[in-house]
$ cat work.csv   # CSV, C-alpha atoms
chain,number,residue,atom,x,y,z
A,1,MET,CA,0.0,0.0,0.0
A,2,THR,CA,1.6,3.2,-1.1
A,3,SER,CA,1.2,6.4,0.8
A,4,PHE,CA,-0.2,9.2,-1.2
A,5,ARG,CA,-1.3,12.8,-1.0
A,6,HIS,CA,-4.6,14.0,-2.5
A,7,THR,CA,-3.3,16.2,-5.2
A,8,ASN,CA,-6.6,16.7,-6.9
A,9,ASP,CA,-10.2,15.6,-7.1
A,10,ALA,CA,-9.6,13.1,-9.8
A,11,HIS,CA,-7.0,11.3,-7.7
A,12,ARG,CA,-9.3,11.2,-4.6
A,13,ASP,CA,-12.2,10.1,-6.7
A,14,CYS,CA,-10.2,7.2,-8.2
A,15,TRP,CA,-8.6,6.3,-4.9
A,16,GLU,CA,-12.0,6.0,-3.1
A,17,LEU,CA,-13.3,3.7,-5.8
A,18,LEU,CA,-10.4,1.3,-6.0
A,19,PRO,CA,-11.9,-1.4,-3.8
A,20,TRP,CA,-14.7,-1.8,-6.3
A,21,VAL,CA,-12.3,-1.9,-9.1
A,22,ALA,CA,-10.6,-4.7,-7.2
A,23,ASN,CA,-13.8,-6.6,-6.6
A,24,GLU,CA,-15.0,-5.9,-10.2
A,25,ARG,CA,-18.3,-4.4,-8.9
A,26,ILE,CA,-17.6,-0.8,-9.9
A,27,ASP,CA,-20.3,1.0,-11.9
A,28,PRO,CA,-19.2,1.1,-15.6
A,29,ARG,CA,-19.8,4.9,-15.7
A,30,ASP,CA,-17.5,5.3,-12.6
A,31,LEU,CA,-14.9,3.1,-14.2
A,32,ARG,CA,-14.9,5.1,-17.4
A,33,ARG,CA,-14.5,8.3,-15.4
A,34,ILE,CA,-11.5,7.2,-13.3
A,35,GLU,CA,-9.7,5.1,-15.9
A,36,PRO,CA,-7.7,7.9,-17.4
A,37,HIS,CA,-6.3,8.8,-14.0
A,38,LEU,CA,-5.7,5.2,-13.1
A,39,HIS,CA,-3.6,4.7,-16.2
A,40,SER,CA,-1.4,7.6,-15.3
A,41,CYS,CA,-1.1,7.4,-11.5
A,42,THR,CA,1.4,5.0,-10.1
A,43,ALA,CA,0.1,5.5,-6.5
A,44,CYS,CA,-3.4,4.4,-7.5
A,45,GLN,CA,-2.0,1.5,-9.5
A,46,ALA,CA,0.0,0.3,-6.5
A,47,GLU,CA,-3.0,0.7,-4.3
A,48,LEU,CA,-5.1,-1.3,-6.7
A,49,VAL,CA,-2.6,-4.2,-6.6
A,50,ALA,CA,-2.5,-4.0,-2.8
A,51,GLN,CA,-6.3,-4.1,-2.5
A,52,SER,CA,-6.6,-6.9,-5.0
A,53,ARG,CA,-4.1,-8.8,-2.8
A,54,LEU,CA,-6.1,-8.1,0.3
A,55,ARG,CA,-9.3,-9.3,-1.4
A,56,GLN,CA,-7.6,-12.5,-2.4
A,57,LEU,CA,-6.4,-13.1,1.2
A,58,ILE,CA,-9.8,-12.4,2.7
A,59,ARG,CA,-11.6,-14.6,0.2
A,60,ALA,CA,-9.1,-17.4,0.6
A,61,ASP,CA,-9.4,-17.3,4.3
A,62,GLU,CA,-11.9,-19.8,5.7
A,63,PRO,CA,-12.3,-18.8,9.4
A,64,VAL,CA,-15.4,-21.0,9.9
A,65,VAL,CA,-16.8,-24.1,8.4
A,66,ILE,CA,-20.3,-25.0,9.5
A,67,ALA,CA,-22.2,-27.9,8.1
A,68,PRO,CA,-25.5,-26.5,6.9
A,69,GLN,CA,-27.7,-29.6,7.0
A,70,ALA,CA,-28.3,-29.7,10.7
A,71,SER,CA,-29.3,-26.0,10.7
A,72,LEU,CA,-31.4,-26.5,7.7
A,73,GLN,CA,-33.3,-29.3,9.3
A,74,LYS,CA,-34.0,-27.1,12.4
A,75,LEU,CA,-35.4,-24.4,10.2
A,76,LEU,CA,-37.6,-26.8,8.2
A,77,GLN,CA,-39.0,-28.1,11.4
A,78,ARG,CA,-39.7,-24.5,12.4
A,79,LEU,CA,-41.5,-23.9,9.1
A,80,ALA,CA,-43.6,-27.1,9.5
A,81,ALA,CA,-44.6,-26.0,13.1
A,82,GLU,CA,-45.6,-22.6,11.8
A,83,GLN,CA,-47.9,-24.0,9.2
A,84,THR,CA,-49.6,-26.4,11.6
A,85,HIS,CA,-50.0,-24.0,14.4
A,86,ILE,CA,-51.2,-20.7,13.0
A,87,THR,CA,-51.0,-18.1,15.7
A,88,PRO,CA,-53.6,-15.3,16.0
A,89,SER,CA,-50.8,-12.7,15.9
A,90,ALA,CA,-49.6,-14.0,12.6
A,91,THR,CA,-53.1,-13.7,11.2
A,92,GLN,CA,-53.3,-10.2,12.5
A,93,ARG,CA,-50.1,-9.3,10.7
A,94,GLY,CA,-52.0,-9.7,7.5
A,95,GLY,CA,-52.3,-13.4,7.2
A,96,GLU,CA,-49.7,-13.3,4.5
A,97,ARG,CA,-48.8,-17.0,4.9
A,98,ARG,CA,-52.3,-18.4,5.3
A,99,MET,CA,-53.1,-18.6,1.6
A,100,PRO,CA,-50.4,-19.0,-1.1
A,101,ALA,CA,-50.0,-16.1,-3.4
A,102,SER,CA,-50.8,-18.5,-6.3
A,103,ALA,CA,-54.3,-19.4,-4.8
A,104,PRO,CA,-57.0,-18.5,-7.4
A,105,ARG,CA,-59.4,-15.8,-6.6
A,106,TRP,CA,-62.4,-18.1,-6.8
A,107,LEU,CA,-61.0,-20.1,-3.9
A,108,ALA,CA,-61.0,-17.0,-1.7
A,109,VAL,CA,-64.6,-16.2,-2.7
A,110,ALA,CA,-65.7,-19.8,-2.0
A,111,ALA,CA,-64.1,-19.7,1.4
A,112,ALA,CA,-65.8,-16.5,2.3
A,113,MET,CA,-69.2,-17.8,1.2
A,114,GLN,CA,-68.7,-20.9,3.2
A,115,ALA,CA,-67.9,-18.9,6.2
A,116,ILE,CA,-71.1,-16.9,5.8
A,117,VAL,CA,-73.2,-20.0,5.4
A,118,ILE,CA,-71.7,-21.5,8.6
A,119,VAL,CA,-72.5,-18.3,10.5
A,120,ALA,CA,-76.1,-18.3,9.3
A,121,LEU,CA,-76.6,-21.9,10.3
A,122,LEU,CA,-75.2,-21.3,13.7
A,123,TRP,CA,-77.5,-18.3,14.1
A,124,ALA,CA,-80.5,-20.4,13.1
A,125,LEU,CA,-79.5,-23.1,15.6
A,126,TRP,CA,-79.2,-20.5,18.3
A,127,LEU,CA,-82.7,-19.1,17.6
A,128,GLN,CA,-84.2,-22.6,17.6
A,129,SER,CA,-82.6,-23.4,20.9
A,130,GLN,CA,-83.8,-20.1,22.4
A,131,ALA,CA,-87.4,-20.9,21.3
A,132,LEU,CA,-87.2,-24.3,23.0
A,133,LEU,CA,-85.9,-22.7,26.1
A,134,THR,CA,-88.7,-20.1,26.3
A,135,ALA,CA,-91.5,-22.5,25.4
A,136,PRO,CA,-93.6,-23.8,28.3
A,137,ARG,CA,-92.6,-27.2,29.4
A,138,TYR,CA,-96.1,-28.1,30.7
A,139,THR,CA,-99.6,-28.1,29.3
A,140,THR,CA,-102.5,-26.5,31.0
A,141,LEU,CA,-106.1,-26.6,30.3
A,142,THR,CA,-105.9,-23.3,28.6
A,143,SER,CA,-102.7,-23.9,26.9
A,144,PRO,CA,-102.9,-22.6,23.3
A,145,ALA,CA,-101.4,-25.8,21.9
A,146,SER,CA,-104.3,-27.9,23.3
A,147,LEU,CA,-107.0,-25.6,22.0
A,148,PRO,CA,-109.3,-27.1,19.5
A,149,PRO,CA,-109.9,-25.1,16.3
A,150,HIS,CA,-113.6,-24.4,17.1
A,151,PRO,CA,-115.4,-23.1,20.2
A,152,ALA,CA,-115.1,-25.6,23.0
A,153,VAL,CA,-116.4,-26.1,26.5
A,154,HIS,CA,-114.8,-27.7,29.6
A,155,VAL,CA,-117.1,-30.0,31.5
A,156,VAL,CA,-116.8,-31.9,34.7
A,157,PHE,CA,-119.3,-34.6,35.4
A,158,ARG,CA,-120.2,-36.0,38.8
A,159,ASN,CA,-118.3,-39.0,39.8
A,160,GLU,CA,-121.2,-41.4,39.7
A,161,VAL,CA,-122.1,-40.4,36.2
A,162,THR,CA,-121.5,-43.4,33.9
A,163,ILE,CA,-120.1,-43.3,30.4
A,164,GLY,CA,-123.5,-44.2,29.0
A,165,GLU,CA,-125.0,-41.2,30.7
A,166,ILE,CA,-122.3,-38.9,29.4
A,167,THR,CA,-122.9,-40.2,26.0
A,168,SER,CA,-126.6,-39.5,26.4
A,169,ILE,CA,-126.1,-36.0,27.7
A,170,LEU,CA,-123.8,-35.1,24.8
A,171,ARG,CA,-126.1,-36.6,22.2
A,172,ASN,CA,-129.0,-34.6,23.6
A,173,LEU,CA,-127.0,-31.4,23.4
A,174,ASP,CA,-125.6,-32.3,19.9
A,175,ALA,CA,-122.1,-32.2,21.3
A,176,ARG,CA,-119.0,-34.5,21.2
A,177,ILE,CA,-115.9,-35.1,23.3
A,178,VAL,CA,-112.8,-33.7,21.6
A,179,ALA,CA,-110.4,-34.2,24.6
A,180,GLY,CA,-110.1,-35.6,28.0
A,181,PRO,CA,-110.8,-36.6,30.5
A,182,ASN,CA,-107.6,-35.2,31.9
A,183,ILE,CA,-106.1,-36.1,35.3
A,184,GLY,CA,-108.7,-33.8,36.9
A,185,GLY,CA,-111.7,-35.5,35.1
A,186,VAL,CA,-112.2,-32.5,32.8
A,187,TYR,CA,-113.6,-33.2,29.4
A,188,THR,CA,-113.4,-30.8,26.4
A,189,ILE,CA,-116.5,-30.9,24.2
A,190,GLN,CA,-117.6,-29.1,21.1
A,191,SER,CA,-120.8,-28.7,19.2
A,192,ALA,CA,-121.2,-31.4,16.6
A,193,LYS,CA,-121.9,-28.7,14.1
A,194,SER,CA,-118.9,-27.8,11.9
A,195,GLU,CA,-119.0,-24.1,12.6
A,196,PRO,CA,-121.3,-23.4,15.6
A,197,THR,CA,-122.6,-19.9,16.2
A,198,ALA,CA,-122.4,-18.0,19.5
A,199,SER,CA,-126.0,-18.7,20.3
A,200,GLN,CA,-125.5,-22.4,19.7
A,201,ILE,CA,-122.5,-22.4,22.2
A,202,ALA,CA,-124.6,-20.5,24.7
A,203,SER,CA,-127.4,-23.0,24.3
A,204,LEU,CA,-124.9,-25.8,24.8
A,205,LEU,CA,-123.6,-24.2,28.0
A,206,ALA,CA,-127.1,-23.6,29.3
A,207,GLY,CA,-128.1,-27.2,28.6
A,208,LEU,CA,-125.0,-28.5,30.5
A,209,ARG,CA,-125.6,-26.1,33.5
A,210,GLN,CA,-129.2,-27.2,33.8
A,211,ASP,CA,-128.2,-30.9,34.0
A,212,GLU,CA,-127.7,-32.0,37.6
A,213,ARG,CA,-125.1,-34.6,36.6
A,214,VAL,CA,-122.8,-31.8,35.5
A,215,LEU,CA,-120.6,-30.2,38.2
A,216,LEU,CA,-118.9,-27.5,36.1
A,217,SER,CA,-119.1,-26.2,32.5
A,218,GLU,CA,-117.1,-23.2,31.2
A,219,PRO,CA,-116.2,-22.0,27.7
A,220,VAL,CA,-112.6,-22.5,26.8
A,221,GLU,CA,-110.8,-19.1,26.5
A,222,GLY,CA,-109.6,-18.2,23.0
A,223,THR,CA,-112.2,-20.5,21.3
A,224,ALA,CA,-115.1,-18.0,21.1
A,225,ALA,CA,-117.6,-18.7,18.5
A,226,ARG,CA,-117.6,-16.7,15.3
B,1,MET,CA,1.3,0.2,-15.3
B,2,VAL,CA,-1.8,-1.5,-13.9
B,3,SER,CA,-5.1,-1.5,-15.8
B,4,ALA,CA,-8.5,-2.0,-14.4
B,5,PRO,CA,-9.4,-5.7,-14.4
B,6,PRO,CA,-11.9,-6.8,-16.9
B,7,SER,CA,-15.3,-7.2,-15.4
B,8,THR,CA,-15.4,-10.9,-15.9
B,9,SER,CA,-17.5,-11.6,-12.8
B,10,ASN,CA,-20.4,-9.4,-13.9
B,11,ALA,CA,-21.8,-11.9,-16.3
B,12,VAL,CA,-21.6,-14.7,-13.7
B,13,THR,CA,-23.2,-12.4,-11.2
B,14,ASN,CA,-26.1,-11.6,-13.4
B,15,VAL,CA,-26.7,-15.3,-14.2
B,16,SER,CA,-26.6,-16.3,-10.5
B,17,ASP,CA,-28.9,-13.3,-9.6
B,18,GLU,CA,-31.4,-14.4,-12.2
B,19,HIS,CA,-31.4,-17.9,-10.8
B,20,GLU,CA,-31.8,-16.5,-7.2
B,21,LEU,CA,-34.7,-14.4,-8.4
B,22,GLU,CA,-36.3,-17.6,-9.7
B,23,LEU,CA,-35.8,-19.2,-6.4
B,24,ILE,CA,-37.4,-16.3,-4.6
B,25,ALA,CA,-40.4,-16.5,-6.8
B,26,ALA,CA,-40.7,-20.2,-6.1
B,27,ILE,CA,-40.3,-19.6,-2.4
B,28,ALA,CA,-43.1,-17.1,-2.5
B,29,ALA,CA,-45.3,-19.9,-3.8
B,30,GLN,CA,-44.2,-22.0,-0.8
B,31,ASP,CA,-41.8,-24.2,-2.7
B,32,ARG,CA,-39.6,-25.9,-0.1
B,33,THR,CA,-37.2,-27.4,-2.7
B,34,ALA,CA,-36.3,-23.9,-3.9
B,35,PHE,CA,-36.0,-22.8,-0.3
B,36,LYS,CA,-33.5,-25.6,0.5
B,37,GLU,CA,-31.4,-24.6,-2.5
B,38,LEU,CA,-31.3,-21.0,-1.5
B,39,TYR,CA,-30.5,-21.9,2.0
B,40,LEU,CA,-27.5,-24.0,1.0
B,41,ILE,CA,-26.3,-21.1,-1.3
B,42,TYR,CA,-26.5,-18.6,1.4
B,43,HIS,CA,-25.4,-20.6,4.4
B,44,ARG,CA,-21.8,-20.6,3.5
B,45,ARG,CA,-21.7,-16.9,2.5
B,46,LEU,CA,-23.5,-15.8,5.6
B,47,ALA,CA,-21.5,-18.0,7.9
B,48,ARG,CA,-18.2,-16.6,6.7
B,49,PHE,CA,-19.5,-13.0,6.8
B,50,LEU,CA,-21.1,-13.4,10.2
B,51,MET,CA,-18.1,-15.0,11.7
B,52,ARG,CA,-16.0,-12.0,10.6
B,53,MET,CA,-18.6,-9.6,11.8
B,54,THR,CA,-19.5,-11.1,15.2
B,55,SER,CA,-16.6,-13.4,16.1
B,56,ARG,CA,-19.2,-15.5,17.9
B,57,HIS,CA,-19.8,-19.0,16.7
B,58,GLU,CA,-22.9,-19.4,18.8
B,59,LEU,CA,-24.7,-16.6,17.1
B,60,ILE,CA,-24.1,-17.7,13.5
B,61,GLU,CA,-26.6,-20.4,13.2
B,62,GLU,CA,-29.3,-18.4,15.0
B,63,VAL,CA,-28.8,-15.4,12.8
B,64,ILE,CA,-28.6,-17.5,9.6
B,65,ASN,CA,-31.8,-19.3,10.4
B,66,ASP,CA,-33.6,-16.1,11.4
B,67,THR,CA,-32.5,-14.5,8.2
B,68,LEU,CA,-33.7,-17.3,6.0
B,69,TRP,CA,-36.9,-17.6,8.1
B,70,THR,CA,-37.6,-13.9,7.2
B,71,VAL,CA,-36.8,-14.7,3.5
B,72,TRP,CA,-39.4,-17.5,3.6
B,73,GLN,CA,-42.0,-15.2,5.1
B,74,LYS,CA,-41.3,-12.1,3.0
B,75,ALA,CA,-40.4,-13.7,-0.4
B,76,GLY,CA,-43.8,-12.7,-1.8
B,77,GLU,CA,-43.0,-9.0,-1.0
B,78,PHE,CA,-39.6,-8.9,-2.7
B,79,ARG,CA,-40.0,-6.8,-5.8
B,80,GLY,CA,-36.5,-7.0,-7.1
B,81,ALA,CA,-35.6,-3.4,-6.4
B,82,SER,CA,-32.2,-4.7,-5.4
B,83,ARG,CA,-30.2,-7.8,-6.0
B,84,VAL,CA,-31.4,-10.9,-4.0
B,85,SER,CA,-28.0,-11.0,-2.3
B,86,THR,CA,-28.2,-7.4,-1.2
B,87,TRP,CA,-31.7,-8.0,0.3
B,88,ILE,CA,-30.7,-11.2,2.1
B,89,VAL,CA,-27.3,-9.9,3.4
B,90,GLY,CA,-29.1,-6.8,4.6
B,91,ILE,CA,-31.5,-8.9,6.6
B,92,ALA,CA,-28.6,-10.8,8.1
B,93,TYR,CA,-26.7,-7.6,8.9
B,94,ARG,CA,-29.6,-6.1,10.8
B,95,ARG,CA,-30.4,-9.4,12.5
B,96,ALA,CA,-26.8,-9.8,13.6
B,97,LEU,CA,-26.7,-6.2,15.0
B,98,LYS,CA,-29.8,-7.0,17.0
B,99,SER,CA,-28.4,-10.2,18.4
B,100,LEU,CA,-25.1,-8.6,19.3
B,101,ARG,CA,-26.9,-5.8,21.1
B,102,HIS,CA,-29.2,-8.2,22.8
B,103,ALA,CA,-26.2,-10.2,24.0
B,104,SER,CA,-24.6,-7.0,25.1
B,105,SER,CA,-21.6,-7.9,23.0
B,106,HIS,CA,-20.0,-4.5,23.0
B,107,THR,CA,-16.6,-6.0,22.4
B,108,SER,CA,-17.8,-7.2,18.9
B,109,LEU,CA,-19.4,-3.9,18.1
B,110,GLY,CA,-16.5,-1.8,19.3
B,111,ASP,CA,-12.9,-1.8,18.2
B,112,GLY,CA,-12.8,-5.5,18.1
B,113,GLU,CA,-10.8,-7.9,20.1
B,114,PRO,CA,-7.9,-10.0,18.8
B,115,ALA,CA,-8.7,-13.4,17.5
B,116,SER,CA,-7.9,-16.3,19.8
B,117,ALA,CA,-4.6,-18.1,19.7
B,118,ASP,CA,-6.2,-21.1,17.9
B,119,GLU,CA,-7.2,-18.9,15.1
B,120,TYR,CA,-3.7,-17.6,14.6
B,121,SER,CA,-2.1,-21.1,14.4
B,122,ARG,CA,-2.9,-22.1,10.9
B,123,ASP,CA,-0.5,-19.9,9.0
B,124,GLU,CA,1.2,-16.6,9.3
B,125,GLU,CA,-0.6,-14.9,6.5
B,126,ARG,CA,-4.0,-15.7,8.0
B,127,GLN,CA,-2.7,-14.5,11.3
B,128,TRP,CA,-1.9,-11.1,9.8
B,129,ILE,CA,-5.3,-10.7,8.3
B,130,GLU,CA,-7.2,-11.9,11.3
B,131,ARG,CA,-5.4,-9.6,13.7
B,132,ALA,CA,-5.6,-6.6,11.4
B,133,LEU,CA,-9.3,-7.0,10.6
B,134,SER,CA,-10.2,-7.6,14.3
B,135,GLU,CA,-8.6,-4.3,15.2
B,136,LEU,CA,-10.8,-2.3,12.7
B,137,PRO,CA,-13.9,-0.6,14.1
B,138,PHE,CA,-17.0,-2.6,13.6
B,139,GLU,CA,-18.5,-0.5,10.7
B,140,GLN,CA,-15.2,-0.4,8.9
B,141,ARG,CA,-14.7,-4.1,9.2
B,142,CYS,CA,-18.3,-4.8,8.0
B,143,ALA,CA,-17.8,-2.5,4.9
B,144,LEU,CA,-14.6,-4.2,4.0
B,145,GLU,CA,-16.0,-7.7,4.4
B,146,LEU,CA,-19.1,-6.8,2.4
B,147,CYS,CA,-16.8,-5.5,-0.4
B,148,TYR,CA,-14.2,-8.2,-0.5
B,149,LEU,CA,-15.7,-11.3,1.1
B,150,LEU,CA,-19.2,-11.0,-0.4
B,151,GLY,CA,-18.4,-8.9,-3.4
B,152,HIS,CA,-21.0,-6.1,-3.0
B,153,SER,CA,-20.9,-2.8,-4.9
B,154,CYS,CA,-20.6,0.5,-3.0
B,155,GLU,CA,-24.3,1.2,-3.5
B,156,GLU,CA,-25.3,-2.3,-2.3
B,157,ILE,CA,-23.2,-1.9,0.9
B,158,ALA,CA,-24.9,1.5,1.5
B,159,GLU,CA,-28.3,-0.3,1.3
B,160,ILE,CA,-27.2,-3.2,3.5
B,161,MET,CA,-25.8,-0.9,6.2
B,162,ASN,CA,-28.5,1.7,5.7
B,163,CYS,CA,-26.2,4.6,5.3
B,164,PRO,CA,-25.2,7.0,2.5
B,165,VAL,CA,-22.8,5.9,-0.3
B,166,ASN,CA,-20.3,8.5,0.8
B,167,THR,CA,-20.3,7.0,4.3
B,168,VAL,CA,-19.3,3.7,2.8
B,169,LYS,CA,-16.5,5.2,0.9
B,170,THR,CA,-15.3,7.0,4.0
B,171,ARG,CA,-15.4,3.8,6.1
B,172,MET,CA,-13.5,1.9,3.4
B,173,PHE,CA,-11.0,4.8,3.2
B,174,HIS,CA,-10.2,4.7,6.9
B,175,ALA,CA,-10.2,0.9,7.0
B,176,ARG,CA,-7.5,0.9,4.2
B,177,GLU,CA,-5.5,3.5,6.0
B,178,LYS,CA,-5.5,1.5,9.2
B,179,LEU,CA,-4.7,-1.8,7.4
B,180,ARG,CA,-1.8,-0.1,5.7
B,181,ARG,CA,-0.2,0.5,9.1
B,182,LEU,CA,-1.2,-2.9,10.4
B,183,LEU,CA,-0.1,-4.9,7.4
B,184,PRO,CA,3.2,-3.5,6.2
B,185,ARG,CA,4.1,-6.9,4.6
B,186,LEU,CA,0.9,-6.6,2.5
B,187,ALA,CA,2.2,-3.3,1.3
B,188,GLY,CA,5.6,-4.9,0.6
B,189,ALA,CA,3.8,-7.6,-1.5
B,190,SER,CA,2.5,-4.8,-3.7
B,191,GLU,CA,6.0,-3.6,-4.5
B,192,PRO,CA,6.9,-4.5,-8.1
$ encode --input "work.csv" --output "structure tokens"
Amino acid sequence: MTSFRHTNDAHRDCWELLPWVANERIDPRDLRRIEPHLHSCTACQAELVAQSRLRQLIRADEPVVIAPQASLQKLLQRLAAEQTHITPSATQRGGERRMPASAPRWLAVAAAMQAIVIVALLWALWLQSQALLTAPRYTTLTSPASLPPHPAVHVVFRNEVTIGEITSILRNLDARIVAGPNIGGVYTIQSAKSEPTASQIASLLAGLRQDERVLLSEPVEGTAAR
Amino acid sequence: MVSAPPSTSNAVTNVSDEHELELIAAIAAQDRTAFKELYLIYHRRLARFLMRMTSRHELIEEVINDTLWTVWQKAGEFRGASRVSTWIVGIAYRRALKSLRHASSHTSLGDGEPASADEYSRDEERQWIERALSELPFEQRCALELCYLLGHSCEEIAEIMNCPVNTVKTRMFHAREKLRRLLPRLAGASEP
């Protein structure tokens, strides 16, 4: 390495760029600019030789030899673990690894639609479960589910009244049993007419209440005659 | 008179860079075979550079794997604005700095410490180089290694070290000045 003095800008310019002349990575425009000076400056020529020698020594030196296979296997295991255990934070960073860049657009659209359908089904299931939870778990005499479609009357006969007598009473009143008796001995009866009027129901109730074999007779709420 | 060497390596460099670009594209598509090939290409280069840079064997594998891990994750974002080698070495450089700071290894970041006796024992020439390089300040040593060991241009070194081009020239200038004093026999070798 030869000592030098910076005599002018061309010399300094050339001197600074000599390492990249030595490693052959100098920009061609820079090389064209400094070449005239390099050809005429013995100091720069000696420095170029020295730097080329230094480069050779550094490149020839092998301070470390590490077998790459073991390290590579570790990294491949890390990649495999990353792909099987997707962390939420990775997804939040943009999900750049979740779907390959080469995945077609239709695949992304299909995945989105599938997600929407799944959410809708889950919502429907939730609504259904809520309806079941809020529905009454018992049935009362006035429970809407047990109501007959036409006006009806609840009747309780005396204990000693036989089936034959009940049949006779109902036949006389042109009525029929549509439900019962329940555990309390309550019958639900309706007029035998397909669409009884209010007066016919009132007549049915009056006939029941006049009969001594009947303990109780009441119209069923919510089944008023038309 | 010494003339500038013909740029014989440029054609080879361009071919290898094109191949590395192909590998990066394949890696972006999750191609593990391409990733293994790139790993083996860069393992040796990075190991040599990192050993010079950090002088700490235990950090080398960690830094190399973290670097290639980042390459695997970010390959799809690489747009070819720089050479593949500049991009990868830049990642390794920053990762090594982080590891050194984390390990509070100020000796490696400072003026450097002489290499161990074992490292001097191989031959005298290597002993000169090791001793001289280890006495350079960290940034100067890195610039010199990036230039001569890995063969980067001035602009690429600036990108890797995240500094202006003139800073790279200045670091190289001072490194050469110091080596001139430390390696008189190298200067003698240049005598015609």
$ atom_distance --input "work.csv" --atom1 "CA of Asp17 (chain B)" --atom2 "CA of Arg32 (chain B)"
19.1 Å
$ closest_residue --input "work.csv" --among "B:Arg83, B:His57, B:Lys36, B:Arg45" --to "Trp69 (chain B)" --atoms "all atoms listed in the file"
B:Lys36
$ residues_around --input "work.csv" --residues "region 140-144 of chain B" --least-positions-apart "2" --cutoff "7 Å" --atoms "only C-alpha atoms" --output "ChimeraX atom specification"
/B:53,133,136-138,146-148,157,168,171-172,175
$ residues_around --input "work.csv" --residues "Ser203 (chain A)" --least-positions-apart "6" --cutoff "12 Å" --atoms "all atoms listed in the file" --output "list in words"
Val153, Asn172, Leu173, Asp174, Ala175, Gln190, Ser191, Pro196, Thr197, Arg209, Gln210 and Pro219 of chain A
$ write_last_selection --input "work.csv" --atoms "C-alpha atoms" --output "compact mmCIF listing (two decimals), keeping the file's coordinate frame"
# COMPACT_ATOMS: atom_id res chain seq x y z
CA VAL A 153 -116.40 -26.10 26.50
CA ASN A 172 -129.00 -34.60 23.60
CA LEU A 173 -127.00 -31.40 23.40
CA ASP A 174 -125.60 -32.30 19.90
CA ALA A 175 -122.10 -32.20 21.30
CA GLN A 190 -117.60 -29.10 21.10
CA SER A 191 -120.80 -28.70 19.20
CA PRO A 196 -121.30 -23.40 15.60
CA THR A 197 -122.60 -19.90 16.20
CA ARG A 209 -125.60 -26.10 33.50
CA GLN A 210 -129.20 -27.20 33.80
CA PRO A 219 -116.20 -22.00 27.70
$ atom_distance --input "work.csv" --atom1 "CA of Ile60 (chain B)" --atom2 "CA of Tyr42 (chain B)"
12.4 Å
$ closest_residue --input "work.csv" --among "B:Leu100, B:Ala81, B:Val71, B:Ile64" --to "Phe49 (chain B)" --atoms "all atoms listed in the file"
B:Ile64
$ closest_residue --input "work.csv" --among "B:Leu182, B:Val89, B:Leu38, B:Ala47" --to "chain A" --atoms "only C-alpha atoms"
B:Ala47
